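Text of model-v2.txt (compact mmCIF, C-alpha atoms) as supplied:
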```
# COMPACT_ATOMS: atom_id res chain seq x y z
CA MET A 277 -8.40 -9.42 -12.62
CA ILE A 278 -6.09 -7.23 -10.54
CA ILE A 279 -7.85 -4.06 -9.38
CA ASP A 280 -5.49 -1.50 -7.86
CA ASP A 281 -4.77 2.14 -8.60
CA SER A 282 -1.05 1.54 -8.03
CA ARG A 283 0.79 0.37 -11.12
CA ALA A 284 3.57 -0.94 -8.89
CA MET A 285 1.17 -3.13 -6.91
CA ARG A 286 -0.50 -4.39 -10.09
CA SER A 287 2.94 -5.28 -11.41
CA ILE A 288 3.84 -7.22 -8.27
CA LEU A 289 0.57 -9.15 -8.23
CA ARG A 290 0.74 -9.80 -11.97
CA ARG A 291 4.18 -11.41 -11.59
CA ILE A 292 3.04 -13.58 -8.71
CA LEU A 293 -0.03 -14.76 -10.60
CA ALA A 294 1.86 -15.26 -13.86
CA GLY A 295 4.28 -17.47 -11.96
CA LEU A 296 1.29 -19.57 -10.94
CA ASP A 297 0.09 -19.84 -14.57
CA PHE A 298 -2.83 -17.45 -14.14
CA GLU A 299 -3.82 -15.23 -17.06
CA THR A 300 -4.35 -11.71 -15.74
CA SER A 301 -6.11 -8.52 -16.66
CA GLU A 302 -5.91 -5.22 -14.81
CA ALA A 303 -8.19 -2.39 -13.74
CA ILE A 304 -7.15 0.91 -12.23
CA HIS A 305 -10.18 1.31 -9.94
CA GLY A 306 -13.52 -0.28 -9.16
CA GLN A 307 -15.43 1.48 -11.93
CA ASP A 308 -12.87 0.40 -14.50
CA ALA A 309 -13.23 -3.17 -13.24
CA LEU A 310 -17.03 -3.04 -13.46
CA ASP A 311 -16.81 -1.73 -17.02
CA GLN A 312 -14.54 -4.63 -17.92
CA LEU A 313 -16.86 -7.16 -16.27
CA ARG A 314 -19.79 -5.79 -18.25
CA SER A 315 -17.91 -6.01 -21.54
CA GLY A 316 -16.54 -9.47 -20.66
CA PRO A 317 -14.96 -11.89 -20.28
CA VAL A 318 -15.83 -12.31 -16.59
CA PRO A 319 -12.76 -13.35 -14.57
CA ASP A 320 -12.71 -16.25 -12.13
CA LEU A 321 -10.91 -14.16 -9.50
CA CYS A 322 -10.62 -10.48 -8.63
CA LEU A 323 -7.86 -9.17 -6.36
CA VAL A 324 -9.30 -5.91 -5.04
CA ASP A 325 -7.59 -2.98 -3.34
CA TRP A 326 -9.76 -1.00 -0.92
CA ASN A 327 -8.62 2.62 -1.22
CA MET A 328 -8.88 3.73 -4.85
CA PRO A 329 -10.12 6.85 -6.62
CA VAL A 330 -13.43 6.90 -8.57
CA MET A 331 -14.75 3.67 -6.99
CA ASP A 332 -13.24 1.98 -3.96
CA GLY A 333 -12.92 -1.76 -3.52
CA TYR A 334 -15.71 -2.07 -0.97
CA THR A 335 -18.20 -0.46 -3.35
CA PHE A 336 -16.94 -2.69 -6.15
CA ILE A 337 -17.52 -5.82 -4.06
CA THR A 338 -21.03 -4.82 -3.02
CA THR A 339 -21.88 -4.03 -6.65
CA VAL A 340 -20.56 -7.36 -7.90
CA ARG A 341 -22.41 -9.26 -5.21
CA ALA A 342 -25.65 -7.50 -6.11
CA ASN A 343 -25.48 -8.89 -9.65
CA PRO A 344 -26.46 -12.60 -9.88
CA GLU A 345 -24.64 -12.92 -13.20
CA TRP A 346 -21.34 -12.48 -11.36
CA ARG A 347 -22.01 -14.84 -8.48
CA ASP A 348 -19.22 -17.19 -9.57
CA VAL A 349 -16.52 -14.51 -9.36
CA THR A 350 -14.18 -15.09 -6.42
CA LEU A 351 -13.30 -11.83 -4.64
CA MET A 352 -10.16 -11.34 -2.58
CA MET A 353 -9.33 -8.05 -0.92
CA VAL A 354 -5.64 -7.10 -1.09
CA THR A 355 -5.32 -3.94 0.95
CA THR A 356 -3.54 -1.97 3.66
CA GLU A 357 -6.84 -1.76 5.56
CA SER A 358 -6.03 -4.04 8.47
CA GLU A 359 -8.53 -2.91 11.11
CA GLN A 360 -10.66 -5.85 12.23
CA ARG A 361 -13.77 -3.79 11.57
CA GLN A 362 -12.81 -3.30 7.94
CA ILE A 363 -12.03 -6.98 7.43
CA VAL A 364 -15.41 -7.94 8.84
CA ARG A 365 -17.12 -5.37 6.60
CA ALA A 366 -15.43 -6.70 3.49
CA LEU A 367 -16.21 -10.31 4.26
CA ALA A 368 -19.81 -9.45 5.11
CA ALA A 369 -20.12 -7.61 1.80
CA GLY A 370 -19.07 -10.72 -0.09
CA ALA A 371 -15.28 -10.90 -0.19
CA HIS A 372 -14.09 -14.50 0.10
CA GLU A 373 -10.61 -13.79 1.43
CA TYR A 374 -8.54 -10.91 2.74
CA VAL A 375 -4.81 -10.20 2.34
CA ILE A 376 -3.12 -7.31 4.11
CA LYS A 377 -0.36 -5.35 2.38
CA PRO A 378 2.56 -5.72 2.51
CA PHE A 379 2.35 -9.42 1.73
CA THR A 380 4.73 -12.12 0.65
CA PRO A 381 4.13 -14.22 -2.45
CA ASP A 382 3.53 -17.19 -0.18
CA ALA A 383 0.66 -15.33 1.49
CA ILE A 384 -1.08 -15.01 -1.88
CA VAL A 385 -0.45 -18.68 -2.64
CA GLU A 386 -1.87 -19.70 0.72
CA LYS A 387 -5.07 -17.75 0.14
CA LEU A 388 -5.49 -19.13 -3.38
CA GLU A 389 -5.10 -22.63 -2.00
CA ILE A 390 -7.77 -21.92 0.62
CA LEU A 391 -10.04 -20.69 -2.15
CA GLY A 392 -9.45 -23.87 -4.13
CA LEU A 393 -7.86 -22.01 -7.01
CA LEU A 394 -4.47 -23.66 -6.50
CA THR A 395 -3.37 -27.08 -5.40
CA ALA A 396 -1.35 -27.30 -2.18
CA GLY A 397 2.39 -26.97 -2.49
CA SER A 398 2.51 -24.27 -5.16
CA THR A 399 5.25 -21.70 -4.90
CA ALA A 400 5.45 -18.15 -6.14
CA THR A 401 7.99 -15.37 -6.42
CA TYR A 402 7.91 -11.69 -7.18
CA GLY A 403 10.07 -12.39 -10.20
CA ALA A 404 12.58 -9.57 -10.48
CA LEU A 405 11.93 -8.43 -6.93
CA THR A 406 13.72 -11.35 -5.31
CA MET B 261 2.25 19.88 -0.27
CA ASN B 262 -0.03 20.80 2.62
CA VAL B 263 -1.78 17.60 3.62
CA LEU B 264 -3.18 18.63 6.98
CA SER B 265 -5.73 21.29 6.18
CA PHE B 266 -8.77 19.03 6.49
CA PHE B 267 -8.27 17.82 10.05
CA ASP B 268 -11.24 18.17 12.33
CA PRO B 269 -10.02 20.61 15.02
CA SER B 270 -12.66 19.39 17.46
CA ALA B 271 -11.08 15.94 17.62
CA ALA B 272 -8.15 16.41 19.92
CA ASP B 273 -6.91 12.85 20.27
CA VAL B 274 -3.19 13.18 19.61
CA GLU B 275 -1.98 9.82 20.82
CA ALA B 276 1.33 8.90 19.20
CA PRO B 277 2.31 5.47 17.93
CA ASP B 278 5.14 3.65 19.64
CA LEU B 279 8.50 4.26 17.97
CA ASP B 280 9.41 0.58 17.94
CA ASP B 281 6.11 -0.26 16.26
CA VAL B 282 6.70 2.30 13.51
CA ARG B 283 10.22 0.97 12.99
CA SER B 284 8.89 -2.57 12.83
CA VAL B 285 6.17 -1.62 10.35
CA THR B 286 8.74 0.10 8.12
CA GLU B 287 11.16 -2.82 8.22
CA ASP B 288 8.42 -5.38 7.63
CA MET B 289 7.17 -3.52 4.57
CA TRP B 290 10.67 -3.28 3.15
CA MET B 291 11.44 -6.95 3.63
CA ALA B 292 8.07 -8.10 2.30
CA LEU B 293 8.66 -6.13 -0.89
CA LEU B 294 12.36 -6.68 -1.41
CA GLY B 295 13.18 -9.88 0.43
CA GLU B 296 14.87 -10.95 3.64
CA GLY B 297 18.33 -10.07 2.36
CA GLU B 298 17.47 -6.42 1.76
CA ALA B 299 16.87 -5.23 5.29
CA LEU B 300 16.98 -1.60 6.32
CA VAL B 301 19.69 -0.64 8.80
CA THR B 302 19.36 1.85 11.62
CA ARG B 303 20.80 5.29 10.90
CA PRO B 304 21.66 7.44 13.93
CA VAL B 305 20.44 10.96 13.26
CA PRO B 306 20.28 13.70 15.91
CA ALA B 307 16.81 14.94 16.75
CA GLY B 308 15.70 17.86 14.63
CA SER B 309 18.07 17.09 11.79
CA PRO B 310 16.64 17.75 8.34
CA PHE B 311 16.43 14.90 5.88
CA ASP B 312 19.91 15.13 4.42
CA ALA B 313 19.59 13.53 1.01
CA ALA B 314 20.77 15.74 -1.83
CA GLY B 315 17.76 14.68 -3.84
CA ALA B 316 14.62 13.23 -2.33
CA TRP B 317 11.10 11.99 -2.89
CA SER B 318 8.42 12.55 -0.28
CA ALA B 319 4.98 11.06 0.23
CA ALA B 320 2.22 11.38 2.78
CA VAL B 321 -1.06 9.81 3.78
CA THR B 322 -3.53 11.35 6.21
CA VAL B 323 -5.51 9.39 8.77
CA THR B 324 -8.79 10.90 9.97
CA GLY B 325 -11.39 9.57 12.39
CA GLY B 326 -10.72 7.83 15.69
CA TRP B 327 -7.10 8.86 15.36
CA GLN B 328 -5.79 11.81 13.37
CA GLY B 329 -2.32 12.06 11.96
CA VAL B 330 -0.13 12.21 8.93
CA VAL B 331 2.40 9.55 8.02
CA THR B 332 5.21 10.72 5.79
CA LEU B 333 7.94 8.88 3.93
CA GLU B 334 11.10 10.46 2.57
CA LEU B 335 13.55 8.62 0.38
CA ASP B 336 16.85 9.41 -1.18
CA GLU B 337 16.33 9.87 -4.91
CA ALA B 338 18.57 6.95 -5.89
CA ILE B 339 16.85 4.68 -3.39
CA ALA B 340 13.43 5.74 -4.63
CA ARG B 341 14.41 4.87 -8.20
CA GLU B 342 15.97 1.54 -7.24
CA VAL B 343 12.93 0.44 -5.24
CA THR B 344 10.65 1.59 -8.04
CA ALA B 345 12.60 -0.43 -10.59
CA ARG B 346 12.23 -3.51 -8.43
CA MET B 347 8.54 -3.01 -7.74
CA LEU B 348 7.75 -2.47 -11.41
CA ALA B 349 10.29 -5.02 -12.68
CA ILE B 350 12.05 -2.40 -14.78
CA PRO B 351 15.48 -3.83 -15.65
CA SER B 352 17.45 -0.58 -15.39
CA VAL B 353 16.98 2.38 -13.08
CA HIS B 354 17.83 4.55 -16.08
CA ASP B 355 14.48 3.53 -17.57
CA VAL B 356 12.52 4.56 -14.47
CA HIS B 357 10.44 7.68 -15.11
CA ASP B 358 9.23 10.18 -12.54
CA GLY B 359 5.68 8.89 -12.92
CA ASP B 360 6.90 5.41 -12.02
CA VAL B 361 8.60 6.74 -8.89
CA ALA B 362 5.51 8.70 -7.86
CA ASP B 363 3.38 5.58 -8.19
CA ALA B 364 5.77 3.33 -6.27
CA VAL B 365 6.56 5.79 -3.48
CA GLY B 366 2.83 6.44 -3.09
CA GLU B 367 2.24 2.74 -2.62
CA LEU B 368 5.05 2.54 -0.07
CA VAL B 369 3.57 5.29 2.10
CA ASN B 370 0.13 3.75 1.65
CA MET B 371 1.40 0.49 3.14
CA VAL B 372 3.24 2.16 6.02
CA GLY B 373 0.32 4.49 6.75
CA GLY B 374 -2.21 1.66 6.64
CA SER B 375 -0.15 -0.37 9.07
CA ILE B 376 0.26 2.55 11.48
CA LYS B 377 -3.46 3.31 11.26
CA SER B 378 -4.16 -0.23 12.42
CA LEU B 379 -2.04 0.39 15.53
CA MET B 380 -4.04 3.41 16.60
CA PRO B 381 -7.60 3.91 17.89
CA GLY B 382 -10.25 3.65 15.20
CA PRO B 383 -12.31 3.57 13.20
CA SER B 384 -10.30 5.80 10.89
CA THR B 385 -10.02 6.54 7.21
CA LEU B 386 -6.80 6.51 5.21
CA SER B 387 -6.42 9.07 2.45
CA LEU B 388 -5.01 8.37 -0.98
CA PRO B 389 -1.29 9.15 -0.98
CA SER B 390 0.24 12.48 -1.98
CA VAL B 391 3.69 12.31 -3.55
CA ALA B 392 6.22 15.04 -4.28
CA ALA B 393 9.61 15.14 -5.93
CA GLY B 394 11.62 16.89 -3.23
CA ARG B 395 11.01 17.41 0.46
CA ALA B 396 7.44 17.68 1.72
CA ALA B 397 6.05 20.83 3.32
CA PHE B 398 3.79 20.65 6.34
CA ALA B 399 1.41 23.02 8.03
CA SER B 400 2.71 24.82 11.11
CA ASP B 401 -0.09 23.55 13.37
CA VAL B 402 1.18 19.99 13.46
CA ARG B 403 4.04 18.42 15.30
CA GLU B 404 6.23 15.45 14.65
CA VAL B 405 5.73 12.78 17.31
CA CYS B 406 7.63 9.86 15.89
CA ARG B 407 10.52 9.51 13.46
CA VAL B 408 12.39 6.51 12.13
CA ASP B 409 15.67 7.08 10.30
CA VAL B 410 17.04 4.08 8.47
CA ALA B 411 19.23 3.42 5.45
CA TRP B 412 19.20 1.04 2.52
CA HIS B 413 22.23 0.65 0.27
CA ASP B 414 23.72 3.67 2.11
CA GLY B 415 20.80 5.88 1.12
CA PRO B 416 18.60 7.51 3.79
CA VAL B 417 14.95 6.62 4.34
CA ARG B 418 12.79 8.45 6.88
CA VAL B 419 9.30 7.71 8.19
CA CYS B 420 7.59 10.31 10.38
CA VAL B 421 4.27 10.53 12.14
CA HIS B 422 2.73 13.97 12.71
CA VAL B 423 -0.33 14.85 14.78
CA PRO B 424 -2.36 18.04 15.07
CA GLY B 425 -1.13 20.56 17.63
CA ALA B 426 1.73 22.99 17.22
```
Representation of the structure as structure tokens:
Amino acid sequence: MIIDDSRAMRSILRRILAGLDFETSEAIHGQDALDQLRSGPVPDLCLVDWNMPVMDGYTFITTVRANPEWRDVTLMMVTTESEQRQIVRALAAGAHEYVIKPFTPDAIVEKLEILGLLTAGSTATYGALT
Amino acid sequence: MNVLSFFDPSAADVEAPDLDDVRSVTEDMWMALLGEGEALVTRPVPAGSPFDAAGAWSAAVTVTGGWQGVVTLELDEAIAREVTARMLAIPSVHDVHDGDVADAVGELVNMVGGSIKSLMPGPSTLSLPSVAAGRAAFASDVREVCRVDVAWHDGPVRVCVHVPGA
């Protein structure tokens, strides 16, 4: 699930993940994502922006981590928040990985490999962007 | 679009980011989104010159906390639509709507602003972006401390950093 209030960023991430044979869904903020998790199906992976209206990504992560039913969901922050303090906060709250915008497709691939969601050597593109 | 009205006047830290860092942040964002072959080129513009695009889009994010400032992005209209089409994978710029441009330009300034925030003293908070069709208006009690003028496909792009203090 791609969780970002920017349609452009959701589009970019969707194309990268589609190129890696992931099926994707999208949410426009943390509350929307929580509503979708509650109604199912529960995704294997959430890519989470930090700064969003209604519910930010940090609150989303803490809420997901507080629910044992969602313990298998892998959480990866994809955000412009690049202060060390923010990265530490997100990881302490339960994020598994952290990607700073702007990113290259290879950066997403690398993180997914680290998370064990891709085998090494995968490649990705932005599709129409490149 | 007045984006500066909620600054804390008691916090007087007006440190400015380094010009080369802001230029690097802008160029890195552009290349990450559009690819190595789509680099921005430097555009010599005399100090104080207005943004000279006939049509423009403007966006701003505000940073509050350990450092206070506003990061603005101005784009030529045609450039804004072309970048939007690429970000959203819309085949023709003729199919790009204003809402698409607002979304994409907002994300651009979000990325530039977030990167500049990380260069400055913290902790700080980044606002959600404000986007306007046309040139942005700013309060009179702020001053521009850093400006990067570049071009892409012959269209002007400008990134500015403003801090409190007339």
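Counting only C-alpha atoms and comparing A:Glu386, A:Asp325, A:Glu373, A:Asp320, the residue that lies closest to Ile279 (chain A) is A:Asp325.
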Spatial neighbours of region 334-344 of chain B, 8 Å, all atoms listed in the file, chain gap at least 6 places, as a list in words: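 Near region 334-344 of chain B, the qualifying residues are Ala284 of chain A; Phe311, Ala313, Ala314, Gly315, Ala316, Trp317, Ser318, Ala319, Ile350, Val353, Val356, Asp360, Val361, Ala364, Val365, Arg395, Trp412, His413, Gly415, Pro416, Val417, Arg418 and Val419 of chain B.
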Distance query Gln312 (chain A) at most 10 Å, only C-alpha atoms, self and fewer than 6 positions along chain excluded, as a count of residues only: 7
Counting all atoms listed in the file, which residues of chain A fall within 7 Å of chain B, and what is the closest atom pair for each with its distance in Å at one decimal, ordered by chain and rising number, as JSON lines?
```
{"residue": "A:Ser282", "atom": "CA", "partner": "B:Asp363", "partner_atom": "CA", "distance": 6.0}
{"residue": "A:Arg283", "atom": "CA", "partner": "B:Asp363", "partner_atom": "CA", "distance": 6.5}
{"residue": "A:Ala284", "atom": "CA", "partner": "B:Leu348", "partner_atom": "CA", "distance": 5.1}
{"residue": "A:Ser287", "atom": "CA", "partner": "B:Leu348", "partner_atom": "CA", "distance": 5.6}
{"residue": "A:Ile288", "atom": "CA", "partner": "B:Met347", "partner_atom": "CA", "distance": 6.3}
{"residue": "A:Asn327", "atom": "CA", "partner": "B:Leu388", "partner_atom": "CA", "distance": 6.8}
{"residue": "A:Thr356", "atom": "CA", "partner": "B:Gly374", "partner_atom": "CA", "distance": 4.9}
{"residue": "A:Glu357", "atom": "CA", "partner": "B:Gly374", "partner_atom": "CA", "distance": 5.9}
{"residue": "A:Ser358", "atom": "CA", "partner": "B:Ser378", "partner_atom": "CA", "distance": 5.8}
{"residue": "A:Glu359", "atom": "CA", "partner": "B:Ser378", "partner_atom": "CA", "distance": 5.3}
{"residue": "A:Lys377", "atom": "CA", "partner": "B:Met371", "partner_atom": "CA", "distance": 6.1}
{"residue": "A:Pro378", "atom": "CA", "partner": "B:Met289", "partner_atom": "CA", "distance": 5.5}
{"residue": "A:Phe379", "atom": "CA", "partner": "B:Ala292", "partner_atom": "CA", "distance": 5.9}
{"residue": "A:Thr380", "atom": "CA", "partner": "B:Ala292", "partner_atom": "CA", "distance": 5.5}
{"residue": "A:Ala404", "atom": "CA", "partner": "B:Ala349", "partner_atom": "CA", "distance": 5.5}
{"residue": "A:Leu405", "atom": "CA", "partner": "B:Arg346", "partner_atom": "CA", "distance": 5.2}
{"residue": "A:Thr406", "atom": "CA", "partner": "B:Gly295", "partner_atom": "CA", "distance": 5.9}
```
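Picture a line from CA of Ala371 (chain A) to CA of Leu351 (chain A); it runs 5.0 Å.
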Within 8 Å of (-8.5, 1.9, -2.0), all atoms listed in the file: residues as a PDB file with C-alpha atoms, in the coordinates of the input?
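Here's the written file part_24.pdb:
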```pdb
ATOM      1  CA  ASP A 280      -5.490  -1.500  -7.860  1.00  0.00           C
ATOM      2  CA  ASP A 281      -4.770   2.140  -8.600  1.00  0.00           C
ATOM      3  CA  ASP A 325      -7.590  -2.980  -3.340  1.00  0.00           C
ATOM      4  CA  TRP A 326      -9.760  -1.000  -0.920  1.00  0.00           C
ATOM      5  CA  ASN A 327      -8.620   2.620  -1.220  1.00  0.00           C
ATOM      6  CA  MET A 328      -8.880   3.730  -4.850  1.00  0.00           C
ATOM      7  CA  PRO A 329     -10.120   6.850  -6.620  1.00  0.00           C
ATOM      8  CA  ASP A 332     -13.240   1.980  -3.960  1.00  0.00           C
ATOM      9  CA  GLY A 333     -12.920  -1.760  -3.520  1.00  0.00           C
ATOM     10  CA  THR A 355      -5.320  -3.940   0.950  1.00  0.00           C
TER      11      THR A 355
ATOM     12  CA  LEU B 388      -5.010   8.370  -0.980  1.00  0.00           C
TER      13      LEU B 388
END
```
Residue nearest Leu313 (chain A) among A:Val349, A:Ile363, A:Ala368, A:Val354 (counting all atoms listed in the file): A:Val349
Emit region 317-346 of chain A of the structure in the block as a file comprising N, CA and C atoms, as a tab-separated table (two decimals), in the first residue's frame.
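out.tsv written:
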```
chain	number	residue	atom	x	y	z
A	317	PRO	N	-8.06	-6.22	2.18
A	317	PRO	CA	-7.05	-7.11	2.74
A	317	PRO	C	-5.87	-6.32	3.32
A	318	VAL	N	-5.15	-6.96	4.23
A	318	VAL	CA	-3.99	-6.31	4.86
A	318	VAL	C	-2.78	-6.48	3.94
A	319	PRO	N	-2.13	-5.39	3.57
A	319	PRO	CA	-0.98	-5.50	2.66
A	319	PRO	C	0.26	-6.05	3.35
A	320	ASP	N	1.17	-6.58	2.56
A	320	ASP	CA	2.46	-7.05	3.09
A	320	ASP	C	3.37	-5.88	3.43
A	321	LEU	N	3.22	-4.80	2.67
A	321	LEU	CA	4.16	-3.67	2.76
A	321	LEU	C	3.40	-2.36	2.65
A	322	CYS	N	3.76	-1.41	3.49
A	322	CYS	CA	3.25	-0.04	3.37
A	322	CYS	C	4.42	0.91	3.16
A	323	LEU	N	4.33	1.73	2.12
A	323	LEU	CA	5.29	2.82	1.91
A	323	LEU	C	4.61	4.08	2.43
A	324	VAL	N	5.20	4.72	3.42
A	324	VAL	CA	4.47	5.73	4.20
A	324	VAL	C	5.18	7.08	4.15
A	325	ASP	N	4.49	8.08	3.64
A	325	ASP	CA	4.99	9.45	3.72
A	325	ASP	C	4.85	9.93	5.17
A	326	TRP	N	5.61	10.94	5.54
A	326	TRP	CA	5.51	11.46	6.92
A	326	TRP	C	4.49	12.60	6.98
A	327	ASN	N	4.70	13.65	6.21
A	327	ASN	CA	3.86	14.84	6.30
A	327	ASN	C	2.61	14.69	5.42
A	328	MET	N	1.50	14.45	6.05
A	328	MET	CA	0.22	14.32	5.34
A	328	MET	C	-0.88	14.97	6.16
A	329	PRO	N	-1.93	15.45	5.53
A	329	PRO	CA	-3.07	15.97	6.28
A	329	PRO	C	-3.84	14.83	6.94
A	330	VAL	N	-4.71	15.16	7.86
A	330	VAL	CA	-5.62	14.25	8.58
A	330	VAL	C	-4.83	13.34	9.55
A	331	MET	N	-3.99	12.46	9.02
A	331	MET	CA	-3.13	11.65	9.89
A	331	MET	C	-1.77	11.50	9.25
A	332	ASP	N	-0.72	11.90	9.99
A	332	ASP	CA	0.62	11.82	9.40
A	332	ASP	C	1.17	10.38	9.47
A	333	GLY	N	2.28	10.18	8.80
A	333	GLY	CA	2.83	8.84	8.70
A	333	GLY	C	3.34	8.29	10.02
A	334	TYR	N	3.88	9.16	10.87
A	334	TYR	CA	4.37	8.71	12.17
A	334	TYR	C	3.21	8.17	13.03
A	335	THR	N	2.10	8.89	13.03
A	335	THR	CA	0.94	8.43	13.79
A	335	THR	C	0.41	7.12	13.21
A	336	PHE	N	0.41	7.02	11.90
A	336	PHE	CA	-0.03	5.78	11.25
A	336	PHE	C	0.83	4.60	11.72
A	337	ILE	N	2.14	4.79	11.72
A	337	ILE	CA	3.04	3.70	12.10
A	337	ILE	C	2.82	3.29	13.56
A	338	THR	N	2.72	4.26	14.44
A	338	THR	CA	2.51	3.91	15.85
A	338	THR	C	1.17	3.19	16.03
A	339	THR	N	0.17	3.58	15.27
A	339	THR	CA	-1.14	2.93	15.38
A	339	THR	C	-1.08	1.50	14.86
A	340	VAL	N	-0.41	1.30	13.75
A	340	VAL	CA	-0.28	-0.06	13.20
A	340	VAL	C	0.49	-0.94	14.17
A	341	ARG	N	1.55	-0.42	14.72
A	341	ARG	CA	2.38	-1.22	15.62
A	341	ARG	C	1.67	-1.55	16.93
A	342	ALA	N	0.67	-0.77	17.28
A	342	ALA	CA	-0.08	-1.03	18.51
A	342	ALA	C	-1.13	-2.12	18.33
A	343	ASN	N	-1.33	-2.56	17.09
A	343	ASN	CA	-2.35	-3.56	16.80
A	343	ASN	C	-1.67	-4.89	16.44
A	344	PRO	N	-1.75	-5.90	17.33
A	344	PRO	CA	-1.07	-7.18	17.06
A	344	PRO	C	-1.52	-7.84	15.76
A	345	GLU	N	-2.74	-7.57	15.33
A	345	GLU	CA	-3.23	-8.19	14.10
A	345	GLU	C	-2.43	-7.75	12.87
A	346	TRP	N	-1.73	-6.63	12.99
A	346	TRP	CA	-1.00	-6.10	11.84
A	346	TRP	C	0.52	-6.23	12.02
```
